[in-house]
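Source file work.cif; content: mmCIF, C-alpha atoms.
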```cif
data_start
loop_
_atom_site.label_atom_id
_atom_site.label_comp_id
_atom_site.auth_asym_id
_atom_site.auth_seq_id
_atom_site.Cartn_x
_atom_site.Cartn_y
_atom_site.Cartn_z
CA MET T 8 -4.60 44.21 1.16
CA ASN T 9 -2.65 44.22 -2.11
CA LYS T 10 -1.30 41.18 -3.92
CA ARG T 11 2.13 41.48 -2.29
CA SER T 12 0.53 41.14 1.13
CA HIS T 13 -1.21 37.95 0.06
CA ILE T 14 2.04 36.56 -1.38
CA PHE T 15 3.75 37.34 1.92
CA MET T 16 1.07 35.42 3.83
CA LEU T 17 1.58 32.36 1.62
CA LEU T 18 5.34 32.66 2.02
CA LEU T 19 4.98 32.84 5.81
CA ALA T 20 2.75 29.75 5.71
CA SER T 21 5.43 27.83 3.82
CA VAL T 22 8.04 28.97 6.38
CA LEU T 23 5.88 27.70 9.24
CA TRP T 24 5.21 24.37 7.53
CA GLY T 25 8.90 23.91 6.72
CA THR T 26 10.17 24.72 10.20
CA THR T 27 7.62 22.36 11.73
CA PHE T 28 9.75 19.45 10.53
CA VAL T 29 12.29 20.50 13.17
CA ALA T 30 9.56 20.55 15.83
CA GLN T 31 8.53 17.07 14.71
CA ARG T 32 12.08 15.78 15.07
CA ILE T 33 12.31 17.27 18.57
CA GLY T 34 8.90 15.91 19.55
CA ALA T 35 9.82 12.44 18.26
CA ASP T 36 12.66 12.30 20.81
CA HIS T 37 10.14 12.39 23.67
CA VAL T 38 6.76 10.97 22.61
CA GLY T 39 5.34 8.54 20.08
CA ALA T 40 3.88 9.60 16.77
CA TYR T 41 0.24 9.26 17.86
CA THR T 42 0.79 11.18 21.10
CA TYR T 43 2.43 14.01 19.18
CA LEU T 44 -0.28 14.02 16.54
CA ALA T 45 -3.09 13.99 19.12
CA GLY T 46 -1.56 16.89 21.03
CA ARG T 47 -1.01 19.13 18.02
CA SER T 48 -4.46 18.34 16.61
CA TRP T 49 -6.35 19.15 19.82
CA ILE T 50 -4.40 22.41 20.07
CA ALA T 51 -5.33 23.20 16.45
CA VAL T 52 -9.04 22.59 17.15
CA VAL T 53 -8.96 24.93 20.14
CA PHE T 54 -7.00 27.54 18.20
CA LEU T 55 -9.26 27.44 15.13
CA THR T 56 -12.56 27.70 17.05
CA PRO T 57 -12.36 31.47 17.73
CA ILE T 58 -11.08 31.96 14.18
CA VAL T 59 -14.26 30.34 12.82
CA HIS T 60 -16.39 32.79 14.83
CA ALA T 61 -14.19 35.70 13.76
CA PHE T 62 -14.69 34.77 10.10
CA ASP T 63 -18.44 34.55 10.68
CA ARG T 64 -18.54 38.06 12.17
CA PHE T 65 -16.35 39.36 9.31
CA HIS T 66 -18.69 37.97 6.66
CA ASP T 67 -21.76 39.16 8.57
CA ARG T 68 -20.42 42.73 8.60
CA ARG T 69 -19.69 42.58 4.88
CA GLY T 70 -22.93 40.82 4.04
CA THR T 71 -21.09 38.00 2.25
CA ASP T 72 -21.63 34.24 2.39
CA ASN T 73 -18.88 32.01 3.77
CA ARG T 74 -20.82 28.76 3.21
CA ARG T 75 -21.51 28.24 6.91
CA PRO T 76 -23.97 25.35 7.45
CA ARG T 77 -27.53 26.65 7.73
CA SER T 78 -29.48 23.40 7.46
CA ALA T 79 -29.24 19.75 8.45
CA ALA T 80 -28.13 18.90 4.92
CA ASP T 81 -25.33 21.49 5.11
CA ARG T 82 -24.15 20.10 8.44
CA LYS T 83 -24.13 16.54 7.08
CA LYS T 84 -22.10 17.72 4.10
CA LEU T 85 -19.56 19.42 6.38
CA ILE T 86 -19.31 16.34 8.62
CA ALA T 87 -18.80 14.05 5.61
CA ALA T 88 -16.12 16.35 4.24
CA GLY T 89 -14.39 16.58 7.62
CA ILE T 90 -14.38 12.82 8.13
CA ALA T 91 -13.01 12.09 4.65
CA ALA T 92 -10.32 14.77 4.86
CA GLY T 93 -9.53 13.99 8.51
CA VAL T 94 -8.99 10.27 7.97
CA ALA T 95 -6.63 10.96 5.07
CA LEU T 96 -4.82 13.69 7.02
CA CYS T 97 -4.48 11.46 10.11
CA ALA T 98 -2.94 8.64 8.07
CA ALA T 99 -0.59 11.04 6.28
CA SER T 100 0.46 12.86 9.45
CA ALA T 101 1.04 9.61 11.35
CA ALA T 102 3.26 8.26 8.56
CA GLN T 103 5.13 11.56 8.50
CA GLN T 104 5.69 11.66 12.26
CA ILE T 105 6.77 8.01 12.43
CA GLY T 106 9.15 8.51 9.52
CA VAL T 107 10.70 11.73 10.80
CA ALA T 108 12.08 9.82 13.80
CA TYR T 109 14.25 7.77 11.40
CA THR T 110 15.38 10.38 8.89
CA THR T 111 16.51 14.01 8.75
CA ALA T 112 14.19 17.03 8.70
CA SER T 113 15.57 18.06 5.29
CA LYS T 114 14.92 14.65 3.72
CA ALA T 115 11.46 14.49 5.28
CA GLY T 116 10.61 17.92 3.90
CA PHE T 117 11.67 17.16 0.36
CA ILE T 118 10.08 13.71 0.17
CA THR T 119 6.81 14.94 1.68
CA ALA T 120 6.71 17.73 -0.90
CA LEU T 121 6.41 15.07 -3.62
CA TYR T 122 2.64 15.23 -3.04
CA VAL T 123 2.54 18.07 -5.59
CA VAL T 124 3.80 15.61 -8.20
CA LEU T 125 1.59 12.75 -7.00
CA VAL T 126 -1.61 14.83 -7.04
CA PRO T 127 -1.79 15.13 -10.85
CA VAL T 128 -0.78 11.47 -11.17
CA LEU T 129 -3.61 10.34 -8.88
CA SER T 130 -5.94 12.69 -10.74
CA ILE T 131 -6.16 10.01 -13.43
CA PHE T 132 -8.69 8.27 -11.18
CA ILE T 133 -10.95 11.33 -11.17
CA GLY T 134 -10.83 11.80 -14.93
CA LYS T 135 -7.91 14.25 -15.24
CA ARG T 136 -5.20 12.80 -17.48
CA PRO T 137 -1.70 14.23 -16.81
CA SER T 138 0.27 15.55 -19.76
CA ALA T 139 3.62 14.26 -20.97
CA HIS T 140 5.18 17.17 -19.09
CA ILE T 141 3.84 15.85 -15.77
CA TRP T 142 5.17 12.36 -16.48
CA ALA T 143 8.58 13.92 -17.14
CA CYS T 144 8.32 15.62 -13.74
CA VAL T 145 7.58 12.25 -12.12
CA VAL T 146 10.69 10.72 -13.68
CA LEU T 147 12.79 13.72 -12.61
CA ALA T 148 11.46 13.45 -9.06
CA LEU T 149 12.20 9.72 -8.91
CA VAL T 150 15.79 10.34 -10.00
CA GLY T 151 16.10 13.03 -7.34
CA MET T 152 14.64 10.72 -4.68
CA TYR T 153 17.13 8.01 -5.64
CA LEU T 154 20.06 10.39 -5.17
CA LEU T 155 18.64 11.74 -1.91
CA CYS T 156 17.47 8.54 -0.24
CA ILE T 157 19.21 5.48 -1.69
CA THR T 158 22.52 4.92 0.09
CA GLY T 159 25.06 2.10 0.07
CA GLU T 160 25.06 -0.79 -2.39
CA GLU T 161 21.52 -2.03 -1.71
CA LEU T 162 18.80 -0.54 -3.88
CA LYS T 163 16.29 0.27 -1.17
CA LEU T 164 14.85 3.19 0.74
CA GLN T 165 15.76 3.70 4.36
CA LEU T 166 12.93 3.08 6.82
CA GLY T 167 12.25 6.77 7.53
CA ASP T 168 12.35 7.66 3.84
CA ALA T 169 9.80 4.94 3.04
CA TYR T 170 7.43 6.32 5.68
CA GLU T 171 7.82 9.83 4.25
CA LEU T 172 7.08 8.55 0.75
CA ALA T 173 3.91 6.91 2.07
CA CYS T 174 3.12 10.22 3.75
CA ALA T 175 3.47 12.06 0.42
CA LEU T 176 1.06 9.62 -1.23
CA LEU T 177 -1.47 9.99 1.60
CA PHE T 178 -1.20 13.78 1.51
CA ALA T 179 -1.92 13.66 -2.21
CA VAL T 180 -5.09 11.70 -1.45
CA GLN T 181 -6.04 14.22 1.24
CA ILE T 182 -5.51 17.12 -1.17
CA LEU T 183 -7.84 15.54 -3.73
CA VAL T 184 -10.46 14.97 -1.02
CA VAL T 185 -10.26 18.64 0.00
CA TYR T 186 -10.29 19.65 -3.68
CA HIS T 187 -13.62 17.82 -4.04
CA PHE T 188 -15.27 19.25 -0.91
CA SER T 189 -13.79 22.75 -0.58
CA PRO T 190 -16.17 24.41 -3.10
CA LEU T 191 -19.12 22.99 -1.14
CA VAL T 192 -18.37 23.96 2.50
CA ASP T 193 -16.77 26.73 4.56
CA GLY T 194 -12.99 26.32 4.33
CA VAL T 195 -12.15 27.31 7.92
CA ARG T 196 -14.82 25.00 9.32
CA LEU T 197 -13.54 22.20 7.11
CA SER T 198 -10.03 22.77 8.48
CA ARG T 199 -11.29 22.63 12.07
CA MET T 200 -13.44 19.58 11.38
CA GLN T 201 -10.61 17.62 9.81
CA PHE T 202 -8.34 18.42 12.76
CA LEU T 203 -11.08 17.27 15.13
CA VAL T 204 -11.24 13.94 13.29
CA VAL T 205 -7.44 13.66 13.41
CA ALA T 206 -7.46 14.46 17.13
CA VAL T 207 -10.05 11.78 17.94
CA LEU T 208 -8.39 9.09 15.78
CA SER T 209 -4.85 9.79 16.96
CA THR T 210 -5.98 9.87 20.61
CA ALA T 211 -7.56 6.43 20.18
CA LEU T 212 -4.39 5.11 18.51
CA MET T 213 -2.28 6.65 21.27
CA LEU T 214 -4.27 4.83 23.95
CA LEU T 215 -4.01 1.55 22.02
CA PHE T 216 -0.35 1.55 21.02
CA GLU T 217 1.52 4.04 23.22
CA THR T 218 2.00 4.69 26.92
CA PRO T 219 3.10 8.32 27.18
CA THR T 220 4.10 9.69 30.57
CA TRP T 221 3.38 13.22 31.76
CA ALA T 222 7.12 13.84 31.92
CA ASP T 223 7.50 12.90 28.24
CA VAL T 224 4.52 15.04 27.24
CA ARG T 225 5.88 18.03 29.16
CA ALA T 226 9.26 17.61 27.46
CA ALA T 227 7.60 17.50 24.02
CA LEU T 228 5.03 20.22 24.75
CA PRO T 229 6.93 23.15 23.15
CA ALA T 230 7.30 21.17 19.90
CA ILE T 231 3.66 20.01 20.05
CA ALA T 232 2.42 23.54 20.73
CA TYR T 233 4.49 24.98 17.88
CA ALA T 234 3.03 22.50 15.41
CA GLY T 235 -0.52 22.88 16.74
CA ILE T 236 -0.58 26.67 16.77
CA PHE T 237 1.79 27.76 14.03
CA SER T 238 1.61 24.92 11.49
CA SER T 239 -1.94 23.61 11.90
CA GLY T 240 -3.62 26.81 13.12
CA ILE T 241 -1.87 29.88 11.75
CA ALA T 242 -0.37 28.44 8.54
CA TYR T 243 -3.63 26.92 7.31
CA THR T 244 -5.42 30.20 8.07
CA LEU T 245 -2.73 32.15 6.20
CA GLN T 246 -3.18 29.83 3.24
CA ILE T 247 -6.94 30.47 3.17
CA LEU T 248 -6.44 34.24 3.40
CA GLY T 249 -3.46 34.40 1.04
CA GLN T 250 -5.02 32.46 -1.81
CA ALA T 251 -7.95 34.91 -1.96
CA ASN T 252 -6.08 37.34 -4.21
CA VAL T 253 -3.33 35.26 -5.82
CA ASN T 254 -3.26 33.20 -9.01
CA PRO T 255 -3.51 29.55 -7.92
CA THR T 256 -0.37 28.58 -9.85
CA VAL T 257 1.65 31.35 -8.18
CA ALA T 258 0.19 30.40 -4.78
CA SER T 259 1.18 26.76 -5.28
CA LEU T 260 4.72 27.75 -6.24
CA VAL T 261 5.10 29.87 -3.11
CA MET T 262 3.72 27.17 -0.82
CA SER T 263 5.94 24.48 -2.37
CA LEU T 264 8.89 26.38 -0.86
CA GLU T 265 8.00 24.50 2.33
CA SER T 266 10.55 21.87 1.27
CA VAL T 267 13.33 24.45 1.00
CA PHE T 268 12.54 25.90 4.42
CA SER T 269 12.55 22.42 5.97
CA ALA T 270 16.10 21.88 4.71
CA LEU T 271 17.21 25.34 5.84
CA SER T 272 15.71 24.92 9.30
CA GLY T 273 17.29 21.47 9.66
CA TRP T 274 20.65 23.03 8.79
CA LEU T 275 20.32 26.11 11.00
CA ILE T 276 18.65 24.55 14.06
CA LEU T 277 19.60 20.87 14.09
CA GLY T 278 22.96 21.13 12.36
CA GLU T 279 21.99 18.59 9.71
CA ARG T 280 24.18 18.32 6.63
CA LEU T 281 23.50 17.06 3.13
CA SER T 282 26.21 15.49 0.94
CA PRO T 283 26.76 16.80 -2.62
CA ARG T 284 24.86 13.75 -3.92
CA GLU T 285 21.94 14.48 -1.58
CA LEU T 286 22.00 18.17 -2.50
CA LEU T 287 21.75 17.25 -6.18
CA GLY T 288 18.85 14.91 -5.42
CA SER T 289 17.12 17.65 -3.45
CA ALA T 290 17.60 20.11 -6.31
CA LEU T 291 16.11 17.66 -8.85
CA MET T 292 13.14 16.92 -6.60
CA PHE T 293 12.44 20.59 -6.03
CA ALA T 294 12.73 21.24 -9.78
CA ALA T 295 10.15 18.50 -10.40
CA ILE T 296 7.87 20.01 -7.76
CA VAL T 297 8.06 23.48 -9.29
CA LEU T 298 7.57 22.23 -12.86
CA ALA T 299 4.59 20.10 -11.81
CA GLN T 300 2.96 23.08 -10.11
CA VAL T 301 3.38 25.25 -13.19
CA GLU T 302 1.74 22.60 -15.36
CA PHE T 303 -1.09 21.33 -13.14
CA ARG T 304 -3.90 23.88 -12.83
CA PRO T 305 -7.07 22.26 -11.51
CA LYS T 306 -10.24 24.18 -12.34
CA ARG T 307 -12.67 24.92 -9.57
CA SER T 308 -16.28 24.22 -10.42
#
```
Show me the file's structure as structure tokens.
Amino acid sequence: MNKRSHIFMLLLASVLWGTTFVAQRIGADHVGAYTYLAGRSWIAVVFLTPIVHAFDRFHDRRGTDNRRPRSAADRKKLIAAGIAAGVALCAASAAQQIGVAYTTASKAGFITALYVVLVPVLSIFIGKRPSAHIWACVVLALVGMYLLCITGEELKLQLGDAYELACALLFAVQILVVYHFSPLVDGVRLSRMQFLVVAVLSTALMLLFETPTWADVRAALPAIAYAGIFSSGIAYTLQILGQANVNPTVASLVMSLESVFSALSGWLILGERLSPRELLGSALMFAAIVLAQVEFRPKRS
């Protein structure tokens, strides 16, 4: 495939991630956050299992190495990576799903996308000092978030917005965890392993804190299946395939369009509207996201 095909795959992944915010809003009307997260994660594990075997056969035919575990040490490394990434992803996804019940899909999409600004900020703790340009992006994003989320006379975030901000921070942590482990293990197996960890943790939390009924689960099943198959399964696979032949900065820019597609899908499907003030805040946040992606170029070892 040529470079345009890979760009298209990344673009499709961002569309699927963005439209999943609508599925999350619909699912939140019927089941709790942990029930929704458990359902989509188990579906993702089932969906990704044949993909893992398909990738193995593909690499076997080509005689290439996809870092599949071949020893006990390799398996331990994969398990450690999956647990670390899965715990972070479970916490981020739970915060996102709880928050989306109290805010709009468009707001949730834009605030969640702040992880691309937070990643270089958190990189200070792993020895990567952000430039002045990144700090300017952080300030720009904070101004945009204020315009988007702060309403009325009180200077405070709404409940849903606060959850989504926590989600963005947790996703930034998860990205740095994956950044550390991805050069060491097979990427598709790491994706499946982290979803398995999320599925187990969210199922335990569901049993502890929620009492879903079969009627509620059936009502939410289309939204759960969409997120499990299209967002967790297909989109993550498209990301892995698409980034194979695309400059990482360009790939990041394309995938950051997830926030735009979340706003568009909220407008087209749910009929959500943004005020001029909120539109300006969204524009400033997206500008900060794009500028941060252009500047931050982590080197793979």
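With distances taken over all atoms listed in the file, T:Leu298 is the one residue among T:Leu298, T:Ala30, T:Leu172, T:Val52 lying closest to Trp142 in chain T.
Every residue that the PyMOL selection byres ((chain T and resi 274) around 12) selects in this file is listed here: T:Gly25, T:Thr26, T:Phe28, T:Val29, T:Thr111, T:Ala112, T:Ser113, T:Lys114, T:Val267, T:Phe268, T:Ser269, T:Ala270, T:Leu271, T:Ser272, T:Gly273, T:Leu275, T:Ile276, T:Leu277, T:Gly278, T:Glu279, T:Arg280, T:Leu281.
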Using all atoms listed in the file, which protein or nucleic acid residues come within 7 Å of range 145-150 of chain T? Drop anything in the same chain fewer than 4 positions from it, and give the result as a ChimeraX atom specification.
/T:124,141,154,291-292,295
The selected residues should be written to file as a PDB file, in the coordinates of the input (atoms: C-alpha atoms).
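again.pdb was written with the following content:
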```
ATOM      1  CA  VAL T 124       3.800  15.610  -8.200  1.00  0.00           C
ATOM      2  CA  ILE T 141       3.840  15.850 -15.770  1.00  0.00           C
ATOM      3  CA  LEU T 154      20.060  10.390  -5.170  1.00  0.00           C
ATOM      4  CA  LEU T 291      16.110  17.660  -8.850  1.00  0.00           C
ATOM      5  CA  MET T 292      13.140  16.920  -6.600  1.00  0.00           C
ATOM      6  CA  ALA T 295      10.150  18.500 -10.400  1.00  0.00           C
TER       7      ALA T 295
END
```
Which of these residues is nearest to Thr244 in chain T, using all atoms listed in the file: T:Ala45, T:Ala61, T:Leu286, T:Leu155?
T:Ala61
So which residues get picked by the PyMOL selection byres ((chain T and resi 89) around 8) here, written as a ChimeraX atom specification?
/T:85-88,90-93,197-198,200-201,204
Write out as a Markdown table a residue-level contact list of range 78-150 of chain T versus range 164-168 of chain T with cut-off 9 Å: for each qualifying residue the closest pair of atoms and the distance in Å to one decimal, counting only C-alpha atoms, rows sorted by chain and residue number upward.
```
| residue | atom | partner | partner_atom | distance |
| --- | --- | --- | --- | --- |
| T:Gln103 | CA | T:Gly167 | CA | 8.6 |
| T:Ile105 | CA | T:Gly167 | CA | 7.5 |
| T:Gly106 | CA | T:Gly167 | CA | 4.1 |
| T:Val107 | CA | T:Gly167 | CA | 6.1 |
| T:Ala108 | CA | T:Gly167 | CA | 7.0 |
| T:Tyr109 | CA | T:Gly167 | CA | 4.5 |
| T:Thr110 | CA | T:Gly167 | CA | 5.0 |
| T:Thr111 | CA | T:Gly167 | CA | 8.5 |
| T:Lys114 | CA | T:Asp168 | CA | 7.4 |
| T:Ala115 | CA | T:Asp168 | CA | 7.0 |
| T:Ile118 | CA | T:Asp168 | CA | 7.4 |
```
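Of the residues listed (T:Thr119, T:Asn73, T:Gln181, T:Ser48), T:Gln181 shows the shortest atom-to-atom separation from Ala95 in chain T; distances use all atoms listed in the file.
For the pair CA of Ala175 in chain T and CA of Gln31 in chain T, the separation is 16.0 Å.
Coordinates place CA of Ser282 in chain T at a distance of 27.4 Å from CA of Ala230 in chain T.
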Straight-line distance linking CA of Gly194 in chain T with CA of Arg74 in chain T, stated in Å to one decimal:
8.3 Å
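Here the PyMOL selection byres ((chain T and resi 215-220) around 9) matches the residues His37, Val38, Gly39, Ala40, Tyr41, Thr42, Thr210, Ala211, Leu212, Met213, Leu214, Trp221, Ala222, Asp223, Val224 and Arg225 of chain T.
Using only C-alpha atoms, the smallest distance between any of T:Leu44, T:Met152, T:Leu245, T:Met262 and Ala169 in chain T comes from T:Met152.
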